[in-house]
Amino acid sequence: MSVIYERVALIGLGLIAGSMARAMRRGGLAKEIVGTSRSAETRETARDIGFCDRVVDTAEDAVIEADLVVLAVPVGAMGGVARRIGPNLMRSATVTDVGSVKRHVIEQVRPFIPQHVHFIPGHPLAGTEQSGPRSGFASLFENRWCLLIPDEGTDPDALRRLRSLWEAMGANVDEMEADHHDLVLAVTSHAPHLIAYTMVGVADDLKRVTDTEVVNYSAAGFRDFTRIAASDPTMWRDVFLANRGATLEVLGRFTEELFALQRAIRTGDGDRLFDYFKRTRAIRRGIIEAGQDTKAPDFGRVDAV
C-alpha cells in the first residue's frame, strides 16, 4: 500500500482513533500520525504505547499542517473542538469524524470549518464495549462498514481520498444522507443499546433476584446485554441526546411491538409468537451471510485458556 495522507491528526485517543492509528501504521497509509486527548493521563498512556508518531497537548497543535484531521471525541464535544482547531487548519485539509450521529455533528462542526477546508463526516460501524487508548487494534475495521456523509458541495477528490483510506484499513465504504443515517443507526445501534441498558437496570432493580443470581446464572442473552451496557457512558449519553428524534421514533415502534408480544403471551397465542420469532430469526441469518458476525457458538468468543 502507498501513503494516502502526509500527516493525520487524531483528536481523541480511544478505541476508534487507536485502531485507526494501528491500521494506518500497518498499511503505511500515513507518513506521520499526530494524536492528542483532553486527558493528560490518556496522552501519557498513548505516548507509552507508541501508536502515534507524536502526542501533543492540544488539539490546536495537533492539526497544524495535517492534511487529514479526525474528530474522535464524543459527539457532544465536537463543536467545541471544531471551534478551537478551525483557525489552525491547513488549506485543502480534510476534516472528518467518527461519531454515530451525523446531523447534530454537521450542525455543530460545519460553522467552524473554513471554506478552504473539506469537511466530510463519517462513521465507522465498528467497535467493542472497550474504551481508552489501550483498547484499539489494527483489524477492527476489516469487513466492517464505514459510512461517509458527503453533500452536494463535497470535493470529489477529497471524498475519493478519504474513501481510499477507509478501504485500505479494511472497511467497506458506502455513502449516505445525514438524516437517513441517523434513522438507520437508531434502528441498528442506538435503540438496541438503550434497551440493553434498560434490561440490565431492570435486573438491578428487581429485588426478588439477587445480585449473585444475576451474575452466576446469566444466560447468553442477558450476558450480551451486559456487554453492550458496558459501553462508554459519556459517548452514549451524547448519542441519545444528539439523536433523540430518530431514537424516540424507533423506541415508539418498539413499544408497539412489545405490547403486541405481551398480548400474545397473555392470550396464549403461540402461532403469533412462532411466526414473529421465525421472521426475526431470518434477520440474524442475513447478518451472518453478510459477514457481519459469525455463526459459531457463543458469538465466536473463545473461553480464556
# chains A, B, ... in the order shown; residues from 1 in each chain; ligands from 1

call {"tool": "residues_around", "arguments": {"residues": "range 125-129 of chain A", "least_positions_apart": "2", "cutoff": "7 Å", "atoms": "only C-alpha atoms", "output": "list in words"}}
result
His123, Ser131, Leu140, Phe141, Arg144, Trp145, Cys146, Arg227, Ile228, Ala230 and Ser231 of chain A

call {"tool": "write_last_selection", "arguments": {"atoms": "C-alpha atoms", "output": "PDB file, in the first residue's frame"}}
result
ATOM      1  CA  HIS A 123     -18.998   6.859  10.820  1.00  0.00           C
ATOM      2  CA  SER A 131     -12.678   2.197  25.515  1.00  0.00           C
ATOM      3  CA  LEU A 140     -11.082  -3.519  13.930  1.00  0.00           C
ATOM      4  CA  PHE A 141     -12.409  -2.221  10.606  1.00  0.00           C
ATOM      5  CA  ARG A 144     -16.993  -3.624   8.623  1.00  0.00           C
ATOM      6  CA  TRP A 145     -18.859  -0.723   7.057  1.00  0.00           C
ATOM      7  CA  CYS A 146     -17.816   2.904   7.149  1.00  0.00           C
ATOM      8  CA  ARG A 227     -21.596  -6.489  27.362  1.00  0.00           C
ATOM      9  CA  ILE A 228     -23.437  -3.793  25.407  1.00  0.00           C
ATOM     10  CA  ALA A 230     -20.620  -1.749  29.480  1.00  0.00           C
ATOM     11  CA  SER A 231     -20.014   0.769  26.680  1.00  0.00           C
TER      12      SER A 231
END

call {"tool": "closest_atom_pairs", "arguments": {"of": "range 137-198 of chain A", "to": "range 56-76 of chain A", "cutoff": "12 Å", "atoms": "only C-alpha atoms", "output": "Markdown table"}}
result
| residue | atom | partner | partner_atom | distance |
| --- | --- | --- | --- | --- |
| A:Ala158 | CA | A:Leu68 | CA | 9.9 |
| A:Leu159 | CA | A:Leu68 | CA | 11.7 |
| A:Arg161 | CA | A:Leu68 | CA | 10.0 |
| A:Leu162 | CA | A:Leu68 | CA | 8.6 |
| A:Leu165 | CA | A:Leu68 | CA | 10.4 |
